[in-house]
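A.B. asks: Data: model_24.pdb, PDB, C-alpha atoms and all ligand atoms.
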```pdb
ATOM      1  CA  MET N 141      -9.834 -45.824  -1.059
ATOM      2  CA  THR N 142      -7.728 -48.966  -0.752
ATOM      3  CA  SER N 143      -3.993 -48.760  -1.178
ATOM      4  CA  ASN N 144      -4.402 -50.585  -4.494
ATOM      5  CA  MET N 145      -6.775 -47.946  -5.756
ATOM      6  CA  VAL N 146      -4.387 -45.174  -4.676
ATOM      7  CA  VAL N 147      -1.521 -46.801  -6.557
ATOM      8  CA  ARG N 148      -3.708 -47.225  -9.643
ATOM      9  CA  GLU N 149      -4.832 -43.556  -9.495
ATOM     10  CA  LEU N 150      -1.230 -42.356  -9.115
ATOM     11  CA  ALA N 151      -0.155 -44.516 -12.059
ATOM     12  CA  ARG N 152      -3.000 -43.084 -14.179
ATOM     13  CA  ILE N 153      -1.973 -39.504 -13.377
ATOM     14  CA  ALA N 154       1.692 -40.262 -14.075
ATOM     15  CA  PHE N 155       0.766 -41.885 -17.381
ATOM     16  CA  ALA N 156      -1.396 -38.920 -18.383
ATOM     17  CA  ASP N 157       1.470 -36.591 -17.469
ATOM     18  CA  MET N 158       3.876 -38.650 -19.563
ATOM     19  CA  ARG N 159       1.493 -38.572 -22.520
ATOM     20  CA  MET N 160       1.182 -34.800 -22.100
ATOM     21  CA  LEU N 161       4.943 -34.414 -21.965
ATOM     22  CA  HIS N 162       5.301 -36.596 -25.028
ATOM     23  CA  ARG N 163       2.706 -34.487 -26.912
ATOM     24  CA  GLU N 164       4.481 -31.329 -25.807
ATOM     25  CA  ASP N 165       7.791 -32.629 -27.185
ATOM     26  CA  CYS N 166       6.238 -33.720 -30.481
ATOM     27  CA  SER N 167       4.387 -30.437 -30.954
ATOM     28  CA  ARG N 168       7.541 -28.459 -30.191
ATOM     29  CA  THR N 169       9.525 -30.488 -32.729
ATOM     30  CA  PHE N 170       6.833 -30.178 -35.422
ATOM     31  CA  LEU N 171       6.561 -26.438 -34.914
ATOM     32  CA  GLU N 172      10.339 -26.079 -35.144
ATOM     33  CA  GLU N 173      10.437 -28.199 -38.305
ATOM     34  CA  LEU N 174       7.717 -26.032 -39.840
ATOM     35  CA  GLY N 175       9.808 -22.927 -39.264
ATOM     36  CA  PHE N 176       7.951 -21.490 -36.285
ATOM     37  CA  GLU N 177      10.433 -19.487 -34.252
ATOM     38  CA  HIS N 178       8.654 -18.358 -31.134
ATOM     39  CA  ALA N 179       5.724 -20.747 -30.647
ATOM     40  CA  PRO N 180       7.911 -23.822 -29.872
ATOM     41  CA  HIS N 181       9.082 -22.112 -26.675
ATOM     42  CA  LEU N 182       5.493 -21.498 -25.617
ATOM     43  CA  VAL N 183       4.026 -24.960 -26.193
ATOM     44  CA  ALA N 184       4.181 -26.062 -22.550
ATOM     45  CA  GLU N 185       2.753 -22.792 -21.268
ATOM     46  CA  LEU N 186      -0.055 -22.682 -23.847
ATOM     47  CA  MET N 187      -0.980 -26.356 -23.358
ATOM     48  CA  GLU N 188      -1.200 -25.792 -19.635
ATOM     49  CA  LYS N 189      -3.385 -22.710 -20.211
ATOM     50  CA  ALA N 190      -5.626 -24.670 -22.585
ATOM     51  CA  VAL N 191      -6.174 -27.379 -19.944
ATOM     52  CA  ARG N 192      -6.647 -24.868 -17.141
ATOM     53  CA  GLU N 193      -9.151 -22.742 -19.074
ATOM     54  CA  ASP N 194     -10.730 -25.710 -20.825
ATOM     55  CA  LEU N 195     -10.111 -24.129 -24.248
ATOM     56  CA  SER N 196     -11.449 -25.634 -27.451
ATOM     57  CA  TYR N 197      -8.927 -27.037 -29.958
ATOM     58  CA  SER N 198      -9.551 -24.112 -32.295
ATOM     59  CA  ALA N 199      -8.975 -21.577 -29.492
ATOM     60  CA  PHE N 200      -5.722 -23.333 -28.570
ATOM     61  CA  LEU N 201      -4.564 -23.331 -32.200
ATOM     62  CA  GLU N 202      -5.473 -19.654 -32.533
ATOM     63  CA  ASP N 203      -3.428 -18.880 -29.409
ATOM     64  CA  ILE N 204      -0.312 -20.545 -30.819
ATOM     65  CA  LEU N 205      -0.647 -18.872 -34.220
ATOM     66  CA  ARG N 206      -1.337 -15.445 -32.719
ATOM     67  CA  LYS N 207       1.763 -15.580 -30.513
ATOM     68  CA  GLU N 208       3.947 -16.531 -33.494
ATOM     69  CA  ARG N 209       2.463 -13.793 -35.646
ATOM     70  CA  GLU N 210       2.891 -11.143 -32.944
ATOM     71  CA  PHE N 211       6.519 -12.156 -32.499
ATOM     72  CA  ARG N 212       7.274 -11.953 -36.228
ATOM     73  CA  GLU N 213       5.441  -8.652 -36.635
ATOM     74  CA  GLU N 214       7.336  -7.080 -33.737
ATOM     75  CA  ARG N 215      10.633  -8.242 -35.187
ATOM     76  CA  ARG N 216       9.720  -7.005 -38.682
ATOM     77  CA  ILE N 217       8.879  -3.549 -37.336
ATOM     78  CA  LYS N 218      12.081  -3.372 -35.298
ATOM     79  CA  THR N 219      14.257  -4.385 -38.272
ATOM     80  CA  SER N 220      12.425  -2.126 -40.747
ATOM     81  CA  LEU N 221      12.699   0.856 -38.413
ATOM     82  CA  LYS N 222      16.429   0.263 -38.115
ATOM     83  CA  LEU N 223      16.870  -0.079 -41.883
ATOM     84  CA  SER N 224      14.718   2.987 -42.613
ATOM     85  CA  GLY N 225      17.134   5.362 -40.882
ATOM     86  CA  LEU N 226      14.209   7.102 -39.135
ATOM     87  CA  PRO N 227      15.213   9.091 -36.035
ATOM     88  CA  GLN N 228      14.134   7.417 -32.811
ATOM     89  CA  GLY N 229      11.459   8.626 -30.428
ATOM     90  CA  LYS N 230       9.637  10.876 -32.894
ATOM     91  CA  THR N 231       6.080   9.603 -32.853
ATOM     92  CA  LEU N 232       2.638  11.175 -32.975
ATOM     93  CA  ASP N 233       2.226  10.372 -29.267
ATOM     94  CA  THR N 234       5.203  12.581 -28.425
ATOM     95  CA  PHE N 235       4.086  15.468 -30.665
ATOM     96  CA  ASP N 236       2.367  18.294 -28.794
ATOM     97  CA  PHE N 237      -0.404  19.507 -31.092
ATOM     98  CA  THR N 238      -1.426  22.168 -28.574
ATOM     99  CA  PHE N 239       1.969  23.855 -29.035
ATOM    100  CA  GLN N 240       1.797  23.680 -32.826
ATOM    101  CA  ARG N 241      -1.655  25.040 -33.594
ATOM    102  CA  SER N 242      -0.903  25.655 -37.266
ATOM    103  CA  VAL N 243      -0.994  21.889 -37.823
ATOM    104  CA  GLY N 244      -4.369  20.193 -37.915
ATOM    105  CA  ARG N 245      -4.335  17.007 -35.856
ATOM    106  CA  LYS N 246      -7.075  15.569 -38.120
ATOM    107  CA  GLU N 247      -4.970  16.173 -41.224
ATOM    108  CA  ILE N 248      -1.991  14.377 -39.688
ATOM    109  CA  GLU N 249      -4.164  11.524 -38.420
ATOM    110  CA  LEU N 250      -5.535  11.106 -41.937
ATOM    111  CA  LEU N 251      -1.978  10.850 -43.297
ATOM    112  CA  ALA N 252      -1.200   8.383 -40.497
ATOM    113  CA  THR N 253      -3.720   5.960 -42.033
ATOM    114  CA  CYS N 254      -1.167   5.626 -44.897
ATOM    115  CA  GLU N 255      -3.844   5.997 -47.553
ATOM    116  CA  TYR N 256      -1.541   8.461 -49.365
ATOM    117  CA  ILE N 257       1.064   5.674 -49.661
ATOM    118  CA  ARG N 258      -1.466   3.258 -51.150
ATOM    119  CA  ARG N 259      -2.400   5.977 -53.656
ATOM    120  CA  LYS N 260       1.260   6.806 -54.345
ATOM    121  CA  GLU N 261       0.756  10.451 -53.392
ATOM    122  CA  ASN N 262       3.343  12.878 -52.050
ATOM    123  CA  VAL N 263       3.436  15.098 -48.969
ATOM    124  CA  LEU N 264       5.221  18.415 -48.683
ATOM    125  CA  PHE N 265       5.913  20.071 -45.315
ATOM    126  CA  PRO N 266       7.081  23.666 -45.817
ATOM    127  CA  GLY N 267       7.837  25.770 -42.746
ATOM    128  CA  PRO N 268      10.431  27.606 -40.650
ATOM    129  CA  PRO N 269      13.138  25.779 -38.628
ATOM    130  CA  GLY N 270      12.236  24.167 -35.316
ATOM    131  CA  ALA N 271       8.501  24.102 -35.995
ATOM    132  CA  GLY N 272       8.264  20.304 -35.892
ATOM    133  CA  LYS N 273       8.407  19.308 -39.576
ATOM    134  CA  SER N 274      11.018  16.572 -39.128
ATOM    135  CA  HIS N 275       9.248  15.243 -36.051
ATOM    136  CA  LEU N 276       5.947  14.941 -37.917
ATOM    137  CA  VAL N 277       7.371  13.262 -41.006
ATOM    138  CA  ALA N 278       9.384  10.847 -38.832
ATOM    139  CA  ALA N 279       6.159   9.960 -36.999
ATOM    140  CA  LEU N 280       4.429   9.355 -40.340
ATOM    141  CA  GLY N 281       7.411   7.207 -41.361
ATOM    142  CA  VAL N 282       6.902   5.061 -38.256
ATOM    143  CA  LYS N 283       3.220   4.666 -39.163
ATOM    144  CA  GLY N 284       4.285   3.608 -42.661
ATOM    145  CA  VAL N 285       6.585   0.906 -41.259
ATOM    146  CA  GLU N 286       3.905  -0.296 -38.830
ATOM    147  CA  ASN N 287       1.511  -0.621 -41.762
ATOM    148  CA  GLY N 288       3.962  -2.811 -43.674
ATOM    149  CA  PHE N 289       5.473  -0.259 -46.104
ATOM    150  CA  SER N 290       9.177   0.151 -46.797
ATOM    151  CA  VAL N 291      10.399   3.564 -45.684
ATOM    152  CA  THR N 292      13.696   5.358 -46.313
ATOM    153  CA  TRP N 293      14.634   8.499 -44.390
ATOM    154  CA  LEU N 294      17.454  10.672 -45.730
ATOM    155  CA  THR N 295      18.430  14.275 -45.262
ATOM    156  CA  ALA N 296      18.605  16.098 -48.600
ATOM    157  CA  ASP N 297      22.389  16.298 -48.145
ATOM    158  CA  GLU N 298      22.756  12.560 -47.611
ATOM    159  CA  LEU N 299      20.414  11.761 -50.512
ATOM    160  CA  LEU N 300      22.420  13.936 -52.905
ATOM    161  CA  LYS N 301      25.651  12.322 -51.689
ATOM    162  CA  ARG N 302      24.210   8.888 -52.481
ATOM    163  CA  LEU N 303      22.851  10.008 -55.843
ATOM    164  CA  ARG N 304      26.253  11.414 -56.827
ATOM    165  CA  ARG N 305      27.994   8.233 -55.678
ATOM    166  CA  ASP N 306      25.534   5.898 -57.428
ATOM    167  CA  GLU N 307      25.748   7.921 -60.639
ATOM    168  CA  GLN N 308      29.294   6.583 -60.902
ATOM    169  CA  ASP N 309      28.027   3.004 -60.494
ATOM    170  CA  PRO N 310      25.347   2.432 -63.170
ATOM    171  CA  GLY N 311      25.509  -1.359 -62.633
ATOM    172  CA  LYS N 312      24.043  -1.110 -59.167
ATOM    173  CA  ARG N 313      20.607  -2.673 -59.100
ATOM    174  CA  ASN N 314      17.660  -0.330 -58.646
ATOM    175  CA  ARG N 315      16.368  -2.630 -55.932
ATOM    176  CA  ARG N 316      19.426  -1.716 -53.880
ATOM    177  CA  ARG N 317      18.845   1.992 -54.378
ATOM    178  CA  THR N 318      16.313   2.265 -51.599
ATOM    179  CA  TYR N 319      15.694   5.930 -52.446
ATOM    180  CA  LEU N 320      14.095   4.606 -55.660
ATOM    181  CA  SER N 321      12.477   1.386 -54.481
ATOM    182  CA  SER N 322      11.059   2.307 -51.054
ATOM    183  CA  SER N 323       7.309   2.816 -50.824
ATOM    184  CA  VAL N 324       8.046   6.050 -48.976
ATOM    185  CA  LEU N 325      11.124   8.223 -49.398
ATOM    186  CA  ILE N 326      11.397  10.962 -46.781
ATOM    187  CA  ILE N 327      13.720  13.786 -47.804
ATOM    188  CA  ASP N 328      14.383  15.940 -44.767
ATOM    189  CA  GLU N 329      15.685  19.495 -44.874
ATOM    190  CA  LEU N 330      15.570  20.254 -48.570
ATOM    191  CA  GLY N 331      16.618  23.837 -49.100
ATOM    192  CA  PHE N 332      19.073  24.376 -46.270
ATOM    193  CA  GLN N 333      21.635  24.754 -49.012
ATOM    194  CA  ASP N 334      21.048  25.972 -52.543
ATOM    195  CA  LEU N 335      21.850  23.247 -55.068
ATOM    196  CA  ASP N 336      24.205  23.519 -58.009
ATOM    197  CA  ARG N 337      23.048  22.487 -61.510
ATOM    198  CA  ARG N 338      24.201  18.904 -61.198
ATOM    199  CA  ASP N 339      22.454  18.375 -57.852
ATOM    200  CA  ALA N 340      19.321  20.080 -59.154
ATOM    201  CA  HIS N 341      19.249  17.582 -62.046
ATOM    202  CA  LEU N 342      19.734  14.691 -59.624
ATOM    203  CA  CYS N 343      16.796  16.059 -57.662
ATOM    204  CA  PHE N 344      14.696  16.045 -60.839
ATOM    205  CA  HIS N 345      15.815  12.474 -61.551
ATOM    206  CA  ILE N 346      14.634  11.246 -58.155
ATOM    207  CA  VAL N 347      11.264  13.054 -58.272
ATOM    208  CA  SER N 348      10.471  11.947 -61.823
ATOM    209  CA  SER N 349      11.583   8.335 -61.166
ATOM    210  CA  ARG N 350       9.218   8.076 -58.217
ATOM    211  CA  TYR N 351       6.340   9.999 -59.816
ATOM    212  CA  GLU N 352       3.124   7.919 -59.576
ATOM    213  CA  ARG N 353       5.194   4.851 -58.583
ATOM    214  CA  ASN N 354       5.592   5.519 -54.876
ATOM    215  CA  SER N 355       5.386   8.326 -52.313
ATOM    216  CA  THR N 356       7.873  11.062 -51.586
ATOM    217  CA  VAL N 357       7.653  13.159 -48.425
ATOM    218  CA  ILE N 358       9.700  16.366 -48.217
ATOM    219  CA  THR N 359      10.342  18.891 -45.471
ATOM    220  CA  SER N 360      11.691  22.253 -46.511
ATOM    221  CA  ASN N 361      12.285  25.650 -44.983
ATOM    222  CA  LYS N 362      11.671  27.121 -48.450
ATOM    223  CA  SER N 363       8.240  27.949 -49.810
ATOM    224  CA  VAL N 364       7.377  26.609 -53.252
ATOM    225  CA  ARG N 365       7.962  30.099 -54.694
ATOM    226  CA  GLU N 366      11.608  29.922 -53.620
ATOM    227  CA  TRP N 367      12.313  26.557 -55.238
ATOM    228  CA  SER N 368      13.638  27.885 -58.510
ATOM    229  CA  GLU N 369      16.234  29.938 -56.599
ATOM    230  CA  MET N 370      17.115  26.838 -54.545
ATOM    231  CA  LEU N 371      17.458  24.717 -57.703
ATOM    232  CA  ALA N 372      20.406  26.574 -59.238
ATOM    233  CA  GLY N 373      18.096  29.382 -60.439
ATOM    234  CA  ASP N 374      16.748  27.071 -63.150
ATOM    235  CA  GLU N 375      13.095  27.979 -63.482
ATOM    236  CA  VAL N 376      12.341  25.357 -66.142
ATOM    237  CA  LEU N 377      13.797  22.580 -64.008
ATOM    238  CA  ALA N 378      12.025  23.837 -60.880
ATOM    239  CA  THR N 379       8.713  23.862 -62.758
ATOM    240  CA  ALA N 380       9.331  20.313 -64.050
ATOM    241  CA  ILE N 381      10.082  19.066 -60.518
ATOM    242  CA  LEU N 382       7.180  20.878 -58.867
ATOM    243  CA  ASP N 383       4.818  19.789 -61.645
ATOM    244  CA  ARG N 384       5.445  16.119 -60.809
ATOM    245  CA  LEU N 385       5.767  16.566 -57.070
ATOM    246  CA  LEU N 386       2.577  18.592 -56.638
ATOM    247  CA  HIS N 387       0.397  16.655 -59.080
ATOM    248  CA  HIS N 388      -0.847  14.286 -56.337
ATOM    249  CA  CYS N 389       0.314  15.989 -53.189
ATOM    250  CA  HIS N 390      -0.774  16.959 -49.685
ATOM    251  CA  ILE N 391       0.750  20.197 -48.453
ATOM    252  CA  VAL N 392       1.015  20.629 -44.685
ATOM    253  CA  HIS N 393       2.133  24.116 -43.658
ATOM    254  CA  VAL N 394       3.925  24.078 -40.299
ATOM    255  CA  ASP N 395       4.032  27.755 -39.494
ATOM    256  CA  GLY N 396       4.359  28.253 -35.758
ATOM    257  CA  SER N 397       7.332  29.326 -33.682
ATOM    258  CA  SER N 398      10.352  27.149 -32.920
ATOM    259  CA  TYR N 399       9.836  24.376 -30.372
ATOM    260  CA  ARG N 400      13.600  24.281 -29.844
ATOM    261  CA  LEU N 401      13.670  27.960 -28.811
ATOM    262  CA  TRP N 402      10.590  27.505 -26.639
ATOM    263  CA  GLU N 403      12.228  24.529 -24.895
ATOM    264  CA  MET N 404      15.429  26.505 -24.356
ATOM    265  CA  GLU N 405      13.557  29.494 -22.911
ATOM    266  CA  HIS N 406      11.429  27.192 -20.764
ATOM    267  CA  ARG N 407      14.551  25.542 -19.330
ATOM    268  CA  THR N 408      16.195  28.907 -18.660
ATOM    269  CA  ARG N 409      13.060  30.136 -16.913
ATOM    270  CA  CYS N 410      12.922  26.982 -14.774
ATOM    271  CA  ARG N 411      16.591  27.395 -13.835
ATOM    272  CA  GLN N 412      16.082  31.036 -12.945
ATOM    273  CA  GLY N 413      13.021  30.076 -10.934
ATOM    274  CA  LYS N 414      15.027  27.497  -8.976
ATOM    275  CA  GLU N 415      17.909  29.918  -8.345
ATOM    276  CA  GLY N 416      15.327  32.440  -7.168
ATOM    277  CA  GLU N 417      13.998  29.901  -4.683
ATOM    278  CA  ILE N 418      17.505  29.180  -3.390
ATOM    279  CA  ILE N 419      18.213  32.875  -2.893
ATOM    280  CA  GLU N 420      14.949  33.253  -1.023
ATOM    281  CA  ASP N 421      15.828  30.228   1.144
ATOM    282  CA  ARG N 422      19.016  31.871   2.316
TER
HETATM  283  P1  LIG U   1      11.976  21.276 -37.937
HETATM  284  O1  LIG U   1      12.203  20.035 -38.696
HETATM  285  O2  LIG U   1      10.734  21.990 -38.322
HETATM  286  O3  LIG U   1      13.182  22.174 -37.964
HETATM  287  P2  LIG U   1      11.988  19.511 -35.686
HETATM  288  O4  LIG U   1      10.900  18.568 -36.018
HETATM  289  O5  LIG U   1      13.375  19.042 -35.903
HETATM  290  O6  LIG U   1      11.760  20.903 -36.414
HETATM  291  O7  LIG U   1      11.792  19.945 -34.166
HETATM  292  C1  LIG U   1      12.874  20.396 -33.337
HETATM  293  C2  LIG U   1      12.813  19.655 -32.003
HETATM  294  O8  LIG U   1      11.639  20.023 -31.311
HETATM  295  C3  LIG U   1      12.760  18.159 -32.164
HETATM  296  O9  LIG U   1      13.468  17.569 -31.088
HETATM  297  C4  LIG U   1      11.272  17.836 -32.070
HETATM  298  O10 LIG U   1      11.064  16.526 -31.548
HETATM  299  C5  LIG U   1      10.785  18.894 -31.116
HETATM  300  N1  LIG U   1       9.431  19.347 -31.424
HETATM  301  C6  LIG U   1       9.063  20.232 -32.365
HETATM  302  N2  LIG U   1       7.760  20.488 -32.317
HETATM  303  C7  LIG U   1       7.264  19.717 -31.341
HETATM  304  C8  LIG U   1       5.946  19.525 -30.811
HETATM  305  N3  LIG U   1       4.902  20.215 -31.252
HETATM  306  N4  LIG U   1       5.805  18.638 -29.784
HETATM  307  C9  LIG U   1       6.870  17.972 -29.292
HETATM  308  N5  LIG U   1       8.148  18.123 -29.746
HETATM  309  C10 LIG U   1       8.341  18.982 -30.759
HETATM  310 MG    MG U   2      14.021  19.469 -39.570
END
```
Since I need it in another form, could you write the structure as structure tokens?
Ligand code: ADP
Ligand code: MG

C.D. replies:
Amino acid sequence: MTSNMVVRELARIAFADMRMLHREDCSRTFLEELGFEHAPHLVAELMEKAVREDLSYSAFLEDILRKEREFREERRIKTSLKLSGLPQGKTLDTFDFTFQRSVGRKEIELLATCEYIRRKENVLFPGPPGAGKSHLVAALGVKGVENGFSVTWLTADELLKRLRRDEQDPGKRNRRRTYLSSSVLIIDELGFQDLDRRDAHLCFHIVSSRYERNSTVITSNKSVREWSEMLAGDEVLATAILDRLLHHCHIVHVDGSSYRLWEMEHRTRCRQGKEGEIIEDR
């Protein structure tokens, strides 16, 4: 190759590079102007990949769009989880079904498909304390968020506090009362305290407002038979609530022993085991 040819080749490469850089800049600006938030930062990397892997234009376009969608979806889930009030770290992956044999994994996996939310059905989890009710409903809440539904998690106490407060503020828009508008309302720990008449009526209000409009999920240490006692001893009101709640409802009995107690005993045993080893060492 003559020196002239070398210079010409170098100039061609430099020109191609410049054109590439120019395209990169333009694409980044267009994407930003169109409201893309993540893809503009990836243009250079994705263009380079497209050249390296000799991708078709459609494959390159798909790459850009997928990255933007993944970014937005991840952010939506993170924000929705925060707004939902769901406790962290309670997922189906961290639930030990072999410990809690009273719960059918299949039944929970079916609920995890969120079909009950699409059908505006309810779920009731009766069972003794520590058996994993809250964990399971939190995990189902996470599935709801991942599937694009709005979820609100409240303990029964907190819900009643809000209902009492909002009763004084009739002007507040229903849209802002997430316990009414959310696709899924999870009421945790109903029945830890018996309700007075006013709270029992608020409870009726919430169940009847959501009836066949959206889904309500409840955990309770009380069996259905004990609800009238829990609801200020008002049998008529309890029947009216249960009638609506149970009309389209899945009931998941969580009957086993307490995971909390098991964990505590397990830890104590481990500690004793270790101390035993130390004594033997001496
Ligand atoms: P409940 O609501 O029935 O009183 P929780 O769901 O609050 O019980 O469970 C108590 C604790 O034990 C929580 O930290 C929960 O994550 C844990 N837990 C309960 N059951 C299981 C299980 N089967 N596998 C893993 N962790 C569990
Ligand atoms: Mg609980």

A.B. asks: In the coordinates of the file, take the point (4.2, 9.9, -55.0) and a cut-off of 7 Å; then, counting only C-alpha atoms, name each qualifying protein, DNA or RNA residue as a short mmCIF file (atom, residue, chain, number, x, y, z; two decimals) with C-alpha atoms, keeping the file's coordinate frame.

C.D. replies:
```
data_model
loop_
_atom_site.label_atom_id
_atom_site.label_comp_id
_atom_site.auth_asym_id
_atom_site.auth_seq_id
_atom_site.Cartn_x
_atom_site.Cartn_y
_atom_site.Cartn_z
CA LYS N 260 1.26 6.81 -54.34
CA GLU N 261 0.76 10.45 -53.39
CA ASN N 262 3.34 12.88 -52.05
CA ARG N 350 9.22 8.08 -58.22
CA TYR N 351 6.34 10.00 -59.82
CA GLU N 352 3.12 7.92 -59.58
CA ARG N 353 5.19 4.85 -58.58
CA ASN N 354 5.59 5.52 -54.88
CA SER N 355 5.39 8.33 -52.31
CA THR N 356 7.87 11.06 -51.59
CA HIS N 388 -0.85 14.29 -56.34
#
```

A.B. asks: Return as a list in words the set of residues that the PyMOL selection byres (((not hetatm)) within 7 of (chain U and resi 2)) yields on the displayed structure.

C.D. replies: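 Going through the file, the PyMOL selection byres (((not hetatm)) within 7 of (chain U and resi 2)) ends up selecting Pro269, Gly270, Gly272, Lys273, Ser274, Asp328, Glu329 and Thr359 of chain N.
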
A.B. asks: Please, which residues in chain N fall within 12 Å of ligand LIG 1 (chain U) when counting only C-alpha atoms and all ligand atoms, and what is the closest atom pair and distance in Å to one decimal for each, ordered by chain then residue number, as JSON lines?

C.D. replies:
```
{"residue": "N:Pro227", "atom": "CA", "partner": "U:LIG1", "partner_atom": "O10", "distance": 9.6}
{"residue": "N:Gln228", "atom": "CA", "partner": "U:LIG1", "partner_atom": "O10", "distance": 9.7}
{"residue": "N:Gly229", "atom": "CA", "partner": "U:LIG1", "partner_atom": "O10", "distance": 8.0}
{"residue": "N:Lys230", "atom": "CA", "partner": "U:LIG1", "partner_atom": "O10", "distance": 6.0}
{"residue": "N:Thr231", "atom": "CA", "partner": "U:LIG1", "partner_atom": "O10", "distance": 8.6}
{"residue": "N:Leu232", "atom": "CA", "partner": "U:LIG1", "partner_atom": "N4", "distance": 8.7}
{"residue": "N:Asp233", "atom": "CA", "partner": "U:LIG1", "partner_atom": "C9", "distance": 8.9}
{"residue": "N:Thr234", "atom": "CA", "partner": "U:LIG1", "partner_atom": "C9", "distance": 5.7}
{"residue": "N:Phe235", "atom": "CA", "partner": "U:LIG1", "partner_atom": "N4", "distance": 3.7}
{"residue": "N:Asp236", "atom": "CA", "partner": "U:LIG1", "partner_atom": "N4", "distance": 3.6}
{"residue": "N:Phe237", "atom": "CA", "partner": "U:LIG1", "partner_atom": "N3", "distance": 5.4}
{"residue": "N:Thr238", "atom": "CA", "partner": "U:LIG1", "partner_atom": "N3", "distance": 7.1}
{"residue": "N:Phe239", "atom": "CA", "partner": "U:LIG1", "partner_atom": "N3", "distance": 5.2}
{"residue": "N:Gln240", "atom": "CA", "partner": "U:LIG1", "partner_atom": "N3", "distance": 4.9}
{"residue": "N:Arg241", "atom": "CA", "partner": "U:LIG1", "partner_atom": "N3", "distance": 8.5}
{"residue": "N:Ser242", "atom": "CA", "partner": "U:LIG1", "partner_atom": "N3", "distance": 10.0}
{"residue": "N:Val243", "atom": "CA", "partner": "U:LIG1", "partner_atom": "N3", "distance": 9.0}
{"residue": "N:Gly244", "atom": "CA", "partner": "U:LIG1", "partner_atom": "N3", "distance": 11.4}
{"residue": "N:Arg245", "atom": "CA", "partner": "U:LIG1", "partner_atom": "N3", "distance": 10.8}
{"residue": "N:Phe265", "atom": "CA", "partner": "U:LIG1", "partner_atom": "O2", "distance": 8.7}
{"residue": "N:Pro266", "atom": "CA", "partner": "U:LIG1", "partner_atom": "O2", "distance": 8.5}
{"residue": "N:Gly267", "atom": "CA", "partner": "U:LIG1", "partner_atom": "O2", "distance": 6.5}
{"residue": "N:Pro268", "atom": "CA", "partner": "U:LIG1", "partner_atom": "O2", "distance": 6.1}
{"residue": "N:Pro269", "atom": "CA", "partner": "U:LIG1", "partner_atom": "O3", "distance": 3.7}
{"residue": "N:Gly270", "atom": "CA", "partner": "U:LIG1", "partner_atom": "O3", "distance": 3.4}
{"residue": "N:Ala271", "atom": "CA", "partner": "U:LIG1", "partner_atom": "O2", "distance": 3.9}
{"residue": "N:Gly272", "atom": "CA", "partner": "U:LIG1", "partner_atom": "O4", "distance": 3.2}
{"residue": "N:Lys273", "atom": "CA", "partner": "U:LIG1", "partner_atom": "O2", "distance": 3.8}
{"residue": "N:Ser274", "atom": "CA", "partner": "U:LIG1", "partner_atom": "O1", "distance": 3.7}
{"residue": "N:His275", "atom": "CA", "partner": "U:LIG1", "partner_atom": "O4", "distance": 3.7}
{"residue": "N:Leu276", "atom": "CA", "partner": "U:LIG1", "partner_atom": "O4", "distance": 6.4}
{"residue": "N:Val277", "atom": "CA", "partner": "U:LIG1", "partner_atom": "O4", "distance": 8.1}
{"residue": "N:Ala278", "atom": "CA", "partner": "U:LIG1", "partner_atom": "O4", "distance": 8.4}
{"residue": "N:Ala279", "atom": "CA", "partner": "U:LIG1", "partner_atom": "O10", "distance": 9.8}
{"residue": "N:Thr295", "atom": "CA", "partner": "U:LIG1", "partner_atom": "O1", "distance": 10.7}
{"residue": "N:Ile327", "atom": "CA", "partner": "U:LIG1", "partner_atom": "O1", "distance": 11.1}
{"residue": "N:Asp328", "atom": "CA", "partner": "U:LIG1", "partner_atom": "O1", "distance": 7.6}
{"residue": "N:Glu329", "atom": "CA", "partner": "U:LIG1", "partner_atom": "O1", "distance": 7.1}
{"residue": "N:Leu330", "atom": "CA", "partner": "U:LIG1", "partner_atom": "O1", "distance": 10.4}
{"residue": "N:Gly331", "atom": "CA", "partner": "U:LIG1", "partner_atom": "O3", "distance": 11.8}
{"residue": "N:Phe332", "atom": "CA", "partner": "U:LIG1", "partner_atom": "O3", "distance": 10.4}
{"residue": "N:Ile358", "atom": "CA", "partner": "U:LIG1", "partner_atom": "O1", "distance": 10.5}
{"residue": "N:Thr359", "atom": "CA", "partner": "U:LIG1", "partner_atom": "O1", "distance": 7.1}
{"residue": "N:Ser360", "atom": "CA", "partner": "U:LIG1", "partner_atom": "O1", "distance": 8.1}
{"residue": "N:Asn361", "atom": "CA", "partner": "U:LIG1", "partner_atom": "O2", "distance": 7.8}
{"residue": "N:Lys362", "atom": "CA", "partner": "U:LIG1", "partner_atom": "O2", "distance": 11.4}
{"residue": "N:Val392", "atom": "CA", "partner": "U:LIG1", "partner_atom": "O2", "distance": 11.7}
{"residue": "N:His393", "atom": "CA", "partner": "U:LIG1", "partner_atom": "O2", "distance": 10.3}
{"residue": "N:Val394", "atom": "CA", "partner": "U:LIG1", "partner_atom": "O2", "distance": 7.4}
{"residue": "N:Asp395", "atom": "CA", "partner": "U:LIG1", "partner_atom": "O2", "distance": 8.9}
{"residue": "N:Gly396", "atom": "CA", "partner": "U:LIG1", "partner_atom": "N2", "distance": 9.1}
{"residue": "N:Ser397", "atom": "CA", "partner": "U:LIG1", "partner_atom": "N2", "distance": 9.0}
{"residue": "N:Ser398", "atom": "CA", "partner": "U:LIG1", "partner_atom": "C6", "distance": 7.1}
{"residue": "N:Tyr399", "atom": "CA", "partner": "U:LIG1", "partner_atom": "C6", "distance": 4.7}
{"residue": "N:Arg400", "atom": "CA", "partner": "U:LIG1", "partner_atom": "O8", "distance": 4.9}
{"residue": "N:Leu401", "atom": "CA", "partner": "U:LIG1", "partner_atom": "O8", "distance": 8.6}
{"residue": "N:Trp402", "atom": "CA", "partner": "U:LIG1", "partner_atom": "O8", "distance": 8.9}
{"residue": "N:Glu403", "atom": "CA", "partner": "U:LIG1", "partner_atom": "O8", "distance": 7.9}
{"residue": "N:Met404", "atom": "CA", "partner": "U:LIG1", "partner_atom": "O8", "distance": 10.2}
```
